[in-house]
Amino acid sequence: MRDEWGRFTCVRAVPHAPAPWIALLPSLFETAPPGARALKADGRVFAVHLPERAGEVVVKRFSPAWRERFRTPRALRAFRRAYALRVRGVGCPEPLLAAATPAGTGVCVSALAGPPGADTLDLWRSVE
């Protein structure tokens with residue numbers, strides 16, 4: 001996958017992702033798709049139905065940060081962290097796809113946590 005300047009973008013789990021998801025990725029960087037349900041007030045985290053997926057998924061957008069310009073993009077780190085937790089038996093949402101542009105903008109797609117119809121939980125607010 002390439003950005004508008006022809007540079008490669010970092011995409012994790014592409015061989016396992018359905019083709020319609022890959023086609024939808026560029027728009028996920030910019031805006032929430034029609035029918036998306038906001039999970040946080042700032043609009044960076046939302047639940048949406050994606051093609052070839054029965055239930056909703058959570059999409060979290062990451063903005064580029066100057067201080068992270070030489071690190072692995074946050075979206076990929078979030079994907080790897082969730083995968084590592086699941087492999088070790090810690091219950092967490094299933095990571096499905098992560099992608100990032102060379103500039104650091106990224107998205108991470110994961111399964112919606114909890115049973116269908118469950119209220120979303122803001123972990124930060126709960127801990128606070």
# chains A, B, ... in the order shown; residues from 1 in each chain; ligands from 1

call {"tool": "residues_around", "arguments": {"residues": "Gly104 in chain A", "least_positions_apart": "3", "cutoff": "12 Å", "atoms": "only C-alpha atoms", "output": "MDAnalysis selection string"}}
result
chainID A and resid 3 9:10 29 61:77 99:101 107

call {"tool": "closest_atom_pairs", "arguments": {"of": "range 90-115 of chain A", "to": "range 45-58 of chain A", "cutoff": "6 Å", "atoms": "only C-alpha atoms", "output": "CSV"}}
result
residue,atom,partner,partner_atom,distance
A:Val109,CA,A:Val58,CA,5.6
A:Ser110,CA,A:Val58,CA,5.3
A:Ala111,CA,A:Val57,CA,4.7
A:Leu112,CA,A:Val57,CA,5.0

call {"tool": "write_last_selection", "arguments": {"atoms": "N, CA, C and O atoms", "output": "PDB file, in the first residue's frame"}}
result
ATOM      1  N   VAL A 109      -7.440  -1.538  14.216  1.00  0.00           N
ATOM      2  CA  VAL A 109      -8.780  -2.120  14.190  1.00  0.00           C
ATOM      3  C   VAL A 109      -8.769  -3.352  15.080  1.00  0.00           C
ATOM      4  O   VAL A 109      -7.889  -4.203  14.957  1.00  0.00           O
ATOM      5  N   SER A 110      -9.728  -3.439  15.987  1.00  0.00           N
ATOM      6  CA  SER A 110      -9.824  -4.607  16.858  1.00  0.00           C
ATOM      7  C   SER A 110     -11.284  -4.983  17.058  1.00  0.00           C
ATOM      8  O   SER A 110     -12.181  -4.196  16.772  1.00  0.00           O
ATOM      9  N   ALA A 111     -11.492  -6.186  17.551  1.00  0.00           N
ATOM     10  CA  ALA A 111     -12.844  -6.649  17.831  1.00  0.00           C
ATOM     11  C   ALA A 111     -13.414  -5.829  18.980  1.00  0.00           C
ATOM     12  O   ALA A 111     -12.676  -5.335  19.837  1.00  0.00           O
ATOM     13  N   LEU A 112     -14.714  -5.670  18.997  1.00  0.00           N
ATOM     14  CA  LEU A 112     -15.383  -4.942  20.076  1.00  0.00           C
ATOM     15  C   LEU A 112     -15.360  -5.801  21.333  1.00  0.00           C
ATOM     16  O   LEU A 112     -15.693  -6.987  21.277  1.00  0.00           O
TER      17      LEU A 112
END

call {"tool": "select_by_dssp", "arguments": {"residues": "range 5-122 of chain A", "states": "strand (DSSP E)", "output": "PyMOL selection string"}}
result
chain A and resi 10-12+37-38+45-49+56-62+95-100+106-111

call {"tool": "residues_around", "arguments": {"residues": "Phe79 in chain A", "least_positions_apart": "3", "cutoff": "7 Å", "atoms": "only C-alpha atoms", "output": "PyMOL selection string"}}
result
chain A and resi 75-76+82-83+95+98+108

call {"tool": "write_last_selection", "arguments": {"atoms": "N, CA, C and O atoms", "output": "PDB file, in the first residue's frame"}}
result
ATOM      1  N   ALA A  75       0.040   2.850  16.257  1.00  0.00           N
ATOM      2  CA  ALA A  75      -0.960   1.865  15.846  1.00  0.00           C
ATOM      3  C   ALA A  75      -0.363   0.461  15.808  1.00  0.00           C
ATOM      4  O   ALA A  75      -0.984  -0.501  16.269  1.00  0.00           O
ATOM      5  N   LEU A  76       0.847   0.344  15.292  1.00  0.00           N
ATOM      6  CA  LEU A  76       1.499  -0.963  15.232  1.00  0.00           C
ATOM      7  C   LEU A  76       1.888  -1.451  16.615  1.00  0.00           C
ATOM      8  O   LEU A  76       1.786  -2.641  16.919  1.00  0.00           O
ATOM      9  N   ALA A  82      -1.592  -5.879  22.008  1.00  0.00           N
ATOM     10  CA  ALA A  82      -2.807  -6.675  22.159  1.00  0.00           C
ATOM     11  C   ALA A  82      -2.552  -8.129  21.770  1.00  0.00           C
ATOM     12  O   ALA A  82      -3.030  -9.056  22.433  1.00  0.00           O
ATOM     13  N   TYR A  83      -1.795  -8.330  20.705  1.00  0.00           N
ATOM     14  CA  TYR A  83      -1.481  -9.694  20.278  1.00  0.00           C
ATOM     15  C   TYR A  83      -0.674 -10.418  21.359  1.00  0.00           C
ATOM     16  O   TYR A  83      -0.946 -11.571  21.681  1.00  0.00           O
ATOM     17  N   PRO A  95      -6.910  -8.136  18.165  1.00  0.00           N
ATOM     18  CA  PRO A  95      -6.394  -7.183  17.169  1.00  0.00           C
ATOM     19  C   PRO A  95      -6.615  -7.749  15.771  1.00  0.00           C
ATOM     20  O   PRO A  95      -6.317  -8.907  15.509  1.00  0.00           O
ATOM     21  N   ALA A  98      -3.684  -3.228  11.717  1.00  0.00           N
ATOM     22  CA  ALA A  98      -3.094  -1.935  12.061  1.00  0.00           C
ATOM     23  C   ALA A  98      -2.369  -1.414  10.842  1.00  0.00           C
ATOM     24  O   ALA A  98      -1.783  -2.181  10.074  1.00  0.00           O
ATOM     25  N   CYS A 108      -5.804   1.468  14.179  1.00  0.00           N
ATOM     26  CA  CYS A 108      -5.739   0.121  14.716  1.00  0.00           C
ATOM     27  C   CYS A 108      -7.170  -0.382  14.806  1.00  0.00           C
ATOM     28  O   CYS A 108      -8.028   0.293  15.378  1.00  0.00           O
TER      29      CYS A 108
END

call {"tool": "atom_distance", "arguments": {"atom1": "CA of Asp42 in chain A", "atom2": "CA of Pro26 in chain A"}}
result
19.6 Å

call {"tool": "closest_residue", "arguments": {"among": "A:Leu97, A:Ala103, A:Val87, A:Ala38", "to": "Leu24 in chain A", "atoms": "only C-alpha atoms"}}
result
A:Leu97

call {"tool": "residues_around", "arguments": {"residues": "Thr31 in chain A", "least_positions_apart": "4", "cutoff": "9 Å", "atoms": "only C-alpha atoms", "output": "MDAnalysis selection string"}}
result
chainID A and resid 27 43:44
